[in-house]
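*Asks:* My file is my_file-v1.cif. It has mmCIF, C-alpha atoms and all ligand atoms:
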```cif
data_start
loop_
_atom_site.label_atom_id
_atom_site.label_comp_id
_atom_site.auth_asym_id
_atom_site.auth_seq_id
_atom_site.Cartn_x
_atom_site.Cartn_y
_atom_site.Cartn_z
CA MET A 1 0.00 0.00 0.00
CA LYS A 2 1.35 3.46 -0.90
CA TYR A 3 0.94 6.26 1.64
CA LEU A 4 1.65 9.98 1.54
CA VAL A 5 2.71 11.94 4.61
CA VAL A 6 2.69 15.75 4.66
CA GLY A 7 5.41 17.17 6.95
CA ALA A 8 8.82 15.83 7.98
CA GLY A 9 8.59 16.94 11.61
CA LEU A 10 8.72 14.26 14.29
CA ALA A 11 5.04 13.31 13.83
CA GLY A 12 5.35 12.81 10.06
CA LEU A 13 8.67 10.94 10.26
CA THR A 14 7.33 8.68 13.01
CA ALA A 15 4.16 7.95 11.02
CA ALA A 16 6.21 7.13 7.91
CA ARG A 17 8.62 4.87 9.83
CA HIS A 18 5.74 2.90 11.34
CA LEU A 19 3.81 2.66 8.07
CA GLN A 20 6.96 1.18 6.55
CA ALA A 21 7.41 -1.18 9.49
CA LEU A 22 3.84 -2.36 8.87
CA GLY A 23 4.75 -3.22 5.27
CA GLY A 24 3.57 -0.01 3.58
CA GLN A 25 5.48 2.35 1.32
CA ALA A 26 5.51 5.96 2.55
CA THR A 27 6.58 9.16 0.80
CA VAL A 28 7.08 12.19 3.06
CA LEU A 29 6.51 15.60 1.48
CA GLU A 30 8.19 18.50 3.28
CA LYS A 31 8.10 22.16 2.29
CA GLY A 32 11.38 22.98 4.06
CA ARG A 33 14.99 22.45 2.97
CA GLY A 34 15.57 19.82 5.67
CA PRO A 35 13.64 17.45 7.91
CA GLY A 36 12.75 18.23 11.53
CA GLY A 37 10.11 20.98 11.52
CA ARG A 38 10.19 22.52 14.99
CA MET A 39 13.10 20.27 16.06
CA ALA A 40 15.33 22.84 14.40
CA THR A 41 19.07 23.56 14.57
CA ARG A 42 20.70 26.41 12.64
CA ARG A 43 24.34 27.29 11.96
CA ILE A 44 25.49 30.89 12.39
CA GLY A 45 29.17 31.67 11.78
CA GLY A 46 30.24 28.08 12.45
CA GLN A 47 28.22 27.69 15.69
CA ARG A 48 25.06 25.59 16.13
CA PHE A 49 21.89 26.95 17.68
CA ASP A 50 18.81 24.92 18.66
CA HIS A 51 16.10 27.47 17.96
CA GLY A 52 12.93 25.35 18.20
CA ALA A 53 12.46 22.56 20.77
CA GLN A 54 15.19 22.79 23.42
CA TYR A 55 14.97 19.35 24.98
CA LEU A 56 12.65 16.40 25.20
CA THR A 57 11.23 14.38 28.05
CA ALA A 58 10.04 10.80 27.83
CA THR A 59 7.23 9.66 30.09
CA SER A 60 5.36 6.97 28.14
CA PRO A 61 6.92 3.50 27.75
CA ARG A 62 6.64 3.72 23.94
CA PHE A 63 8.50 7.03 23.71
CA ARG A 64 11.04 6.00 26.36
CA SER A 65 11.89 2.99 24.25
CA ALA A 66 12.28 5.19 21.11
CA VAL A 67 14.57 7.56 23.03
CA GLU A 68 16.66 4.59 24.21
CA GLY A 69 17.02 3.60 20.53
CA TRP A 70 18.16 7.14 19.63
CA ARG A 71 20.66 7.13 22.48
CA ALA A 72 22.03 3.79 21.31
CA ALA A 73 22.31 5.23 17.78
CA GLY A 74 24.28 8.19 19.18
CA VAL A 75 21.80 10.92 18.19
CA ALA A 76 20.30 11.73 21.63
CA GLU A 77 21.81 12.06 25.10
CA GLU A 78 20.84 13.27 28.55
CA TRP A 79 21.31 17.03 29.04
CA PHE A 80 20.13 17.54 32.63
CA ARG A 81 17.69 16.22 35.22
CA GLU A 82 14.84 18.03 36.89
CA GLY A 83 12.67 16.50 39.61
CA GLY A 84 14.45 13.19 38.99
CA ARG A 85 13.40 13.16 35.33
CA ALA A 86 15.90 13.27 32.45
CA ARG A 87 15.79 16.03 29.82
CA TYR A 88 17.39 14.87 26.57
CA ARG A 89 19.15 16.88 23.85
CA GLY A 90 20.05 15.86 20.33
CA VAL A 91 23.78 15.17 19.92
CA ALA A 92 25.05 18.14 17.84
CA GLY A 93 21.57 19.68 18.08
CA MET A 94 17.92 18.63 18.29
CA ASN A 95 17.78 18.29 14.51
CA ALA A 96 20.10 15.25 14.70
CA ILE A 97 17.11 13.12 15.74
CA PRO A 98 14.79 13.85 12.78
CA LYS A 99 17.77 13.66 10.40
CA TYR A 100 18.49 10.17 11.71
CA LEU A 101 14.84 9.13 11.28
CA ALA A 102 14.63 10.61 7.78
CA ALA A 103 17.75 8.82 6.54
CA VAL A 104 15.88 5.56 5.84
CA LEU A 105 12.74 7.20 4.43
CA ASP A 106 11.66 8.57 1.06
CA VAL A 107 11.56 12.26 2.07
CA ARG A 108 11.01 14.86 -0.66
CA LEU A 109 12.30 18.22 0.53
CA ASN A 110 11.35 21.62 -0.94
CA SER A 111 7.93 20.07 -1.65
CA ARG A 112 5.26 22.42 -0.37
CA ILE A 113 1.83 20.87 -0.88
CA VAL A 114 -0.65 23.41 -2.19
CA GLU A 115 -3.55 21.20 -3.21
CA MET A 116 -5.00 17.85 -2.20
CA ALA A 117 -7.88 15.97 -3.78
CA TRP A 118 -9.37 12.47 -3.67
CA ARG A 119 -9.93 11.23 -7.24
CA GLY A 120 -10.27 7.80 -8.80
CA GLY A 121 -9.72 5.98 -5.50
CA GLU A 122 -6.48 7.84 -4.65
CA TRP A 123 -5.22 10.96 -2.96
CA HIS A 124 -3.59 13.39 -5.41
CA LEU A 125 -1.25 15.95 -3.84
CA ARG A 126 0.22 18.78 -5.88
CA THR A 127 3.36 20.68 -4.88
CA GLU A 128 4.00 24.37 -5.46
CA ALA A 129 6.38 23.36 -8.27
CA GLY A 130 3.55 21.42 -9.98
CA GLU A 131 4.64 17.84 -9.16
CA GLU A 132 1.89 15.37 -8.37
CA HIS A 133 2.11 12.57 -5.77
CA CYS A 134 -0.51 9.85 -5.40
CA GLY A 135 -1.28 7.45 -2.58
CA ALA A 136 -4.07 5.30 -1.18
CA GLY A 137 -3.83 6.84 2.32
CA LEU A 138 -2.75 10.23 3.65
CA VAL A 139 -1.33 11.59 6.93
CA VAL A 140 -1.23 15.39 7.38
CA THR A 141 1.03 16.68 10.17
CA ALA A 142 1.29 20.40 9.40
CA PRO A 143 0.21 22.57 12.38
CA VAL A 144 -3.59 22.32 12.35
CA PRO A 145 -4.44 25.87 11.09
CA GLN A 146 -2.16 25.20 8.08
CA ALA A 147 -3.61 21.70 7.64
CA LEU A 148 -7.12 23.18 7.60
CA GLU A 149 -6.16 25.62 4.83
CA LEU A 150 -4.82 22.73 2.79
CA LEU A 151 -7.79 20.46 3.41
CA GLY A 152 -10.39 23.04 2.47
CA GLY A 153 -13.80 21.37 2.50
CA VAL A 154 -12.30 17.88 3.00
CA ALA A 155 -12.22 18.28 6.81
CA GLY A 156 -16.06 18.20 6.73
CA ARG A 157 -17.63 17.46 10.10
CA MET A 158 -14.20 17.46 11.82
CA GLU A 159 -13.67 21.14 11.05
CA GLY A 160 -15.24 22.42 14.28
CA ARG A 161 -13.03 20.18 16.44
CA LEU A 162 -9.93 21.08 14.45
CA LYS A 163 -10.58 24.82 14.74
CA ARG A 164 -10.40 24.53 18.53
CA ILE A 165 -6.73 23.45 18.35
CA ARG A 166 -4.62 26.55 18.91
CA TYR A 167 -0.92 27.35 19.18
CA THR A 168 1.12 30.08 20.82
CA SER A 169 3.68 32.00 18.73
CA CYS A 170 7.31 32.43 19.75
CA PHE A 171 10.25 34.59 18.69
CA ALA A 172 13.56 32.74 18.78
CA LEU A 173 16.55 35.08 18.86
CA MET A 174 19.93 33.46 18.21
CA ALA A 175 22.90 35.55 19.34
CA ALA A 176 26.58 34.72 18.82
CA LEU A 177 28.54 36.35 21.66
CA ASP A 178 32.13 37.59 21.75
CA GLY A 179 32.73 35.92 25.14
CA ASP A 180 31.13 33.45 27.53
CA SER A 181 27.49 33.84 28.55
CA GLY A 182 26.64 34.32 32.20
CA LEU A 183 24.49 31.20 32.25
CA GLY A 184 26.63 29.14 34.61
CA GLU A 185 27.12 25.39 34.62
CA ALA A 186 23.51 24.50 33.76
CA GLY A 187 23.60 26.65 30.64
CA PHE A 188 20.00 27.84 30.77
CA VAL A 189 17.46 29.88 32.75
CA GLU A 190 13.70 30.14 32.37
CA PRO A 191 12.56 33.58 33.56
CA GLY A 192 9.13 33.07 31.94
CA GLU A 193 8.04 36.70 32.32
CA GLY A 194 8.37 40.01 30.49
CA PRO A 195 9.93 39.49 27.07
CA VAL A 196 12.03 36.43 27.97
CA GLN A 197 10.64 32.92 28.38
CA TRP A 198 13.89 30.95 28.18
CA ILE A 199 17.60 31.47 27.48
CA ALA A 200 20.09 28.69 26.79
CA ASP A 201 23.75 28.79 25.84
CA ASN A 202 24.24 26.20 23.09
CA ALA A 203 27.97 26.04 23.91
CA ARG A 204 27.23 25.14 27.55
CA LYS A 205 24.54 22.77 26.32
CA GLY A 206 27.33 20.93 24.53
CA ILE A 207 26.09 21.11 20.95
CA THR A 208 28.64 23.65 19.69
CA GLU A 209 32.03 25.21 20.41
CA GLY A 210 32.31 28.44 22.43
CA PRO A 211 32.22 31.36 22.91
CA GLY A 212 28.64 31.93 24.08
CA ALA A 213 25.93 31.01 21.53
CA VAL A 214 22.58 31.84 23.10
CA THR A 215 19.04 31.06 22.04
CA ILE A 216 16.50 33.40 23.60
CA HIS A 217 12.82 32.47 23.38
CA ALA A 218 10.29 35.22 23.95
CA THR A 219 7.16 34.75 26.05
CA ALA A 220 3.92 34.14 24.14
CA ALA A 221 2.56 37.50 25.36
CA PHE A 222 5.61 39.46 24.14
CA THR A 223 5.63 37.59 20.82
CA SER A 224 1.97 38.19 20.06
CA SER A 225 2.15 41.89 20.90
CA HIS A 226 5.26 42.48 18.70
CA TYR A 227 4.79 39.78 16.02
CA ASP A 228 4.77 42.05 12.96
CA GLU A 229 7.42 44.50 14.11
CA PRO A 230 10.80 44.77 12.34
CA ALA A 231 13.44 42.23 13.41
CA GLU A 232 15.83 44.99 14.59
CA ARG A 233 13.29 46.35 17.07
CA VAL A 234 12.29 42.91 18.39
CA ALA A 235 15.94 41.82 18.75
CA GLY A 236 16.81 45.09 20.51
CA LEU A 237 14.03 44.64 23.09
CA MET A 238 14.87 40.97 23.68
CA LEU A 239 18.61 41.59 24.05
CA GLU A 240 17.97 44.45 26.46
CA ALA A 241 15.76 42.19 28.60
CA ALA A 242 18.32 39.35 28.45
CA GLN A 243 21.35 41.55 29.22
CA GLY A 244 21.79 40.24 32.77
CA TRP A 245 22.34 36.67 31.47
CA LEU A 246 24.92 37.47 28.80
CA GLY A 247 27.86 37.68 31.21
CA GLY A 248 28.81 41.17 29.99
CA SER A 249 29.68 39.76 26.53
CA GLY A 250 28.83 41.65 23.36
CA VAL A 251 26.72 40.31 20.48
CA ARG A 252 28.78 39.59 17.33
CA GLU A 253 25.87 38.47 15.18
CA TRP A 254 22.19 37.65 15.62
CA GLN A 255 19.27 36.16 13.71
CA LEU A 256 15.57 36.21 14.58
CA HIS A 257 13.15 33.40 13.74
CA ARG A 258 9.39 33.89 14.08
CA TRP A 259 7.58 30.67 14.99
CA ARG A 260 3.96 31.36 14.08
CA TYR A 261 3.01 27.96 15.55
CA SER A 262 5.17 27.10 18.54
CA MET A 263 3.43 25.07 21.26
CA ALA A 264 -0.12 23.73 20.98
CA GLU A 265 -1.92 25.42 23.90
CA THR A 266 -5.33 23.85 23.24
CA ARG A 267 -5.18 20.32 21.90
CA GLU A 268 -7.53 17.63 20.68
CA ALA A 269 -7.81 14.90 23.33
CA GLU A 270 -7.33 12.02 20.85
CA PRO A 271 -3.75 11.29 19.63
CA CYS A 272 -4.93 11.74 16.01
CA LEU A 273 -8.15 12.19 14.01
CA ALA A 274 -8.98 9.71 11.27
CA MET A 275 -11.54 10.05 8.45
CA LYS A 276 -12.64 7.48 5.90
CA GLU A 277 -14.42 9.94 3.62
CA PRO A 278 -13.67 11.02 0.95
CA GLY A 279 -10.61 8.72 1.35
CA PRO A 280 -8.38 7.40 4.18
CA LEU A 281 -6.97 10.48 5.92
CA VAL A 282 -5.41 11.00 9.36
CA LEU A 283 -4.54 14.33 10.97
CA ALA A 284 -1.68 14.17 13.45
CA GLY A 285 0.99 16.24 15.21
CA ASP A 286 1.49 17.90 18.56
CA GLY A 287 -2.01 19.42 18.40
CA PHE A 288 -3.35 15.95 19.25
CA GLY A 289 -3.10 14.17 22.59
CA PHE A 290 0.12 14.71 24.53
CA PRO A 291 2.09 18.01 24.09
CA GLY A 292 5.57 18.71 22.69
CA VAL A 293 8.07 16.39 21.09
CA GLU A 294 6.76 13.33 22.92
CA GLY A 295 3.22 14.20 21.82
CA ALA A 296 4.31 14.54 18.17
CA PHE A 297 5.94 11.10 18.33
CA LEU A 298 2.92 9.42 19.97
CA SER A 299 0.57 11.10 17.51
CA GLY A 300 2.64 9.97 14.51
CA PHE A 301 2.60 6.42 15.83
CA ALA A 302 -1.18 6.53 16.41
CA ALA A 303 -1.67 7.92 12.88
CA ALA A 304 0.23 5.03 11.31
CA MET A 305 -1.82 2.51 13.28
CA ALA A 306 -5.11 4.23 12.40
CA LEU A 307 -4.29 4.45 8.69
CA SER A 308 -3.09 0.86 8.45
CA GLU A 309 -6.36 -0.32 9.99
CA MET A 310 -8.62 1.62 7.58
C1 LIG B 401 10.36 27.76 20.14
C2 LIG B 401 9.90 26.38 20.45
C3 LIG B 401 10.32 25.74 21.61
C4 LIG B 401 9.89 24.45 21.91
N1 LIG B 401 10.39 23.82 23.01
C5 LIG B 401 10.05 22.52 23.23
C6 LIG B 401 10.71 21.77 24.25
O1 LIG B 401 11.65 22.25 24.89
N2 LIG B 401 10.28 20.49 24.47
C7 LIG B 401 9.28 19.91 23.73
O2 LIG B 401 8.94 18.74 23.96
N3 LIG B 401 8.69 20.60 22.73
C8 LIG B 401 9.06 21.87 22.45
N4 LIG B 401 8.51 22.54 21.40
C9 LIG B 401 7.43 21.90 20.64
C10 LIG B 401 7.96 20.82 19.69
O3 LIG B 401 8.99 21.35 18.90
C11 LIG B 401 6.80 20.38 18.82
O4 LIG B 401 5.75 19.94 19.66
C12 LIG B 401 7.13 19.21 17.87
O5 LIG B 401 8.42 19.35 17.31
C13 LIG B 401 6.04 19.20 16.80
O6 LIG B 401 6.30 18.19 15.84
P1 LIG B 401 5.25 17.98 14.66
O7 LIG B 401 5.81 16.94 13.78
O8 LIG B 401 3.90 17.79 15.23
O9 LIG B 401 5.18 19.39 13.89
P2 LIG B 401 6.31 20.16 13.08
O10 LIG B 401 7.64 19.91 13.66
O11 LIG B 401 5.84 21.57 12.97
O12 LIG B 401 6.28 19.47 11.64
C14 LIG B 401 5.33 19.81 10.66
C15 LIG B 401 6.06 19.86 9.32
O13 LIG B 401 5.10 20.09 8.28
C16 LIG B 401 5.72 20.88 7.30
N5 LIG B 401 4.66 21.49 6.48
C17 LIG B 401 3.71 22.39 6.88
N6 LIG B 401 2.90 22.71 5.84
C18 LIG B 401 3.35 21.98 4.77
C19 LIG B 401 2.93 21.89 3.41
N7 LIG B 401 1.89 22.59 2.93
N8 LIG B 401 3.61 21.05 2.58
C20 LIG B 401 4.67 20.32 3.04
N9 LIG B 401 5.12 20.40 4.32
C21 LIG B 401 4.46 21.21 5.18
C22 LIG B 401 6.52 21.89 8.12
O14 LIG B 401 7.54 22.50 7.34
C23 LIG B 401 7.07 21.00 9.24
O15 LIG B 401 8.35 20.48 8.91
C24 LIG B 401 8.97 23.81 21.04
C25 LIG B 401 8.57 24.43 19.87
C26 LIG B 401 9.05 25.70 19.56
C27 LIG B 401 8.66 26.33 18.26
#
```
Represent the structure contained in this file as structure tokens.
Ligand SMILES: Cc1cc2nc3c(=O)[nH]c(=O)nc-3n(C[C@H](O)[C@H](O)[C@H](O)COP(=O)(O)OP(=O)(O)OC[C@H]3O[C@@H](n4cnc5c(N)ncnc54)[C@H](O)[C@@H]3O)c2cc1C

*Replies:*
Amino acid sequence: MKYLVVGAGLAGLTAARHLQALGGQATVLEKGRGPGGRMATRRIGGQRFDHGAQYLTATSPRFRSAVEGWRAAGVAEEWFREGGRARYRGVAGMNAIPKYLAAVLDVRLNSRIVEMAWRGGEWHLRTEAGEEHCGAGLVVTAPVPQALELLGGVAGRMEGRLKRIRYTSCFALMAALDGDSGLGEAGFVEPGEGPVQWIADNARKGITEGPGAVTIHATAAFTSSHYDEPAERVAGLMLEAAQGWLGGSGVREWQLHRWRYSMAETREAEPCLAMKEPGPLVLAGDGFGFPGVEGAFLSGFAAAMALSEM
């Protein structure tokens, strides 16, 4: 059976891996230049910055076992512990994990899906560049507001439920410093008020060489009230608020990323939503069930199971 998966974030990659394990053939279509979605790592001037998910936790037996597999493969390791529970980082950045998962899959990058239709007993997906991909079953893992735009009328009676799934937005400011950050041994702080939600030094985190290479995430409130302002103004306000954690070092270079969809703040209770009409379709991602990276994984797994049983 041939399946199509939209999105090469953790949910899409997990769904594709499990569809393959169940004997199916999955093609993953990703609009970006690399796999990973919000498990994102960027290089600036030779240093690596995790600018999406910062760490992952594993509470369910299924996800714990996946994380053990990633540790054994050398792509994940423990970063720190809090309340007795391990927080894991990707080795050389969070993006190492999706890259590892994508390596054995048919992932088509730079393939933004702009149209989907069920015709002649198959899903037909068209990319922005005009390529067409066909499959008997479909998993869509784009953040739900984007998935809804793509689905158009196809979502049918599910539309009301899907519209209730909402995400916060988040600015991620990456700043390369000319000296060490003032973030101490732990390498991060979580003020969670004013402009700054979280600051981590990627050099202290162990994913890049020094000097200080900080990722600053803005609070949801700050991000939403400044979302459309010029990058220079946003960066200026965030750096001013973060000054006390930069160890007196100057900023050599910075880049700002705007995550329109960051964390799912209201989620669907089920780990995925499946529809048989007009054709086999499952919606998945961190908007369903459990939150964050673990939620994306569990949702991708549930999507593969649901689709294979349709
Ligand atoms: C700033 C930030 C900090 C975070 N911190 C943490 C954390 O510390 N711990 C944690 O557990 N979680 C964290 N998260 C959340 C975590 O990153 C997500 O829950 C998880 O990565 C979501 O995975 P996903 O596969 O559901 O979605 P995504 O990773 O968003 O994947 C969806 C993919 O679909 C692609 N796509 C969308 N539309 C199309 C289209 N039309 N055609 C083709 N492809 C398309 C996108 O490019 C993307 O790659 C954070 C997120 C952000 C943004």

*Asks:* Report as JSON lines: every residue of segment 82-155 of chain A with an atom at most 8 Å from segment 262-285 of chain A, its closest pair of atoms, and their distance in Å to one decimal, counting all atoms listed in the file, with rows sorted by chain and ascending residue number.

*Replies:*
```
{"residue": "A:Trp118", "atom": "CA", "partner": "A:Gly279", "partner_atom": "CA", "distance": 6.4}
{"residue": "A:Gly121", "atom": "CA", "partner": "A:Gly279", "partner_atom": "CA", "distance": 7.4}
{"residue": "A:Glu122", "atom": "CA", "partner": "A:Gly279", "partner_atom": "CA", "distance": 7.3}
{"residue": "A:Trp123", "atom": "CA", "partner": "A:Gly279", "partner_atom": "CA", "distance": 7.3}
{"residue": "A:Ala136", "atom": "CA", "partner": "A:Pro280", "partner_atom": "CA", "distance": 7.2}
{"residue": "A:Gly137", "atom": "CA", "partner": "A:Pro280", "partner_atom": "CA", "distance": 4.9}
{"residue": "A:Leu138", "atom": "CA", "partner": "A:Leu281", "partner_atom": "CA", "distance": 4.8}
{"residue": "A:Val139", "atom": "CA", "partner": "A:Val282", "partner_atom": "CA", "distance": 4.8}
{"residue": "A:Val140", "atom": "CA", "partner": "A:Leu283", "partner_atom": "CA", "distance": 5.0}
{"residue": "A:Thr141", "atom": "CA", "partner": "A:Ala284", "partner_atom": "CA", "distance": 4.9}
{"residue": "A:Ala142", "atom": "CA", "partner": "A:Gly285", "partner_atom": "CA", "distance": 7.2}
{"residue": "A:Pro143", "atom": "CA", "partner": "A:Gly285", "partner_atom": "CA", "distance": 7.0}
{"residue": "A:Val154", "atom": "CA", "partner": "A:Pro278", "partner_atom": "CA", "distance": 7.3}
```

*Asks:* Taking only C-alpha atoms and all ligand atoms into account, which residues have an atom no farther than 6 Å from ligand LIG 401 (chain B)? I'd like them as a ChimeraX atom specification.

*Replies:* /A:6-12,29-32,36-39,52-56,111-114,141-143,170,259,262-263,285-286,292-294,296

*Asks:* Between A:Met1, A:Ile216, A:Leu13, A:Ile44, which is the closest to Glu240 of chain A once you count all atoms listed in the file?

*Replies:* A:Ile216

*Asks:* One decimal, Å: what's the distance from atom CA of Leu256 of chain A over to atom CA of Val144 of chain A, could you say?

*Replies:*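 Those two atoms sit 23.8 Å apart.
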
*Asks:* Report the distance between atom CA of Gly153 of chain A and atom CA of Arg166 of chain A in Å, rounded to one decimal place.

*Replies:*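 Atom-to-atom, atom CA of Gly153 of chain A and atom CA of Arg166 of chain A are spaced 19.5 Å apart.
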
*Asks:* Once you count all atoms listed in the file, which residues end up no further than 8 Å from (23.8, 33.2, 9.7) in the file's frame, shown as a PyMOL selection string?

*Replies:* chain A and resi 43-45+253-255

*Asks:* Work out how far atom CA of Lys163 of chain A is from atom CA of Phe290 of chain A, in Å to one decimal.

*Replies:* 17.7 Å

*Asks:* Given the choices A:Leu150, A:Ala220, A:Ala26, A:Ala76, which gets closest to Met116 of chain A if the distance is worked out from only C-alpha atoms?

*Replies:*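 Distance minimum relative to Met116 of chain A lands on A:Leu150.
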
*Asks:* Using only C-alpha atoms, which of A:Leu246, A:Leu298, A:Ala303, A:Pro211 sits nearest Pro61 of chain A?

*Replies:*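 Among A:Leu246, A:Leu298, A:Ala303, A:Pro211, it is A:Leu298 that comes nearest to Pro61 of chain A.
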
*Asks:* What lies within 9 Å of Ile199 of chain A using all atoms listed in the file, ignoring chain neighbours under 5 positions off, as JSON, numbers by chain?

*Replies:* {"A": [183, 187, 188, 189, 190, 191, 214, 215, 216, 217, 218, 242, 245]}

*Asks:* Which residues come within 9 Å of Glu193 of chain A, counting all atoms listed in the file, excluding same-chain residues fewer than 6 positions away, as number ranges by chain?

*Replies:* A: 218-219, 221-222

*Asks:* Ranking A:Ala58, A:Ala147, A:Gly194, A:Arg89 by minimum distance to Glu159 of chain A and counting all atoms listed in the file, which one comes first?

*Replies:*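 Once distances to Glu159 of chain A are computed over all atoms listed in the file, the minimum belongs to A:Ala147.
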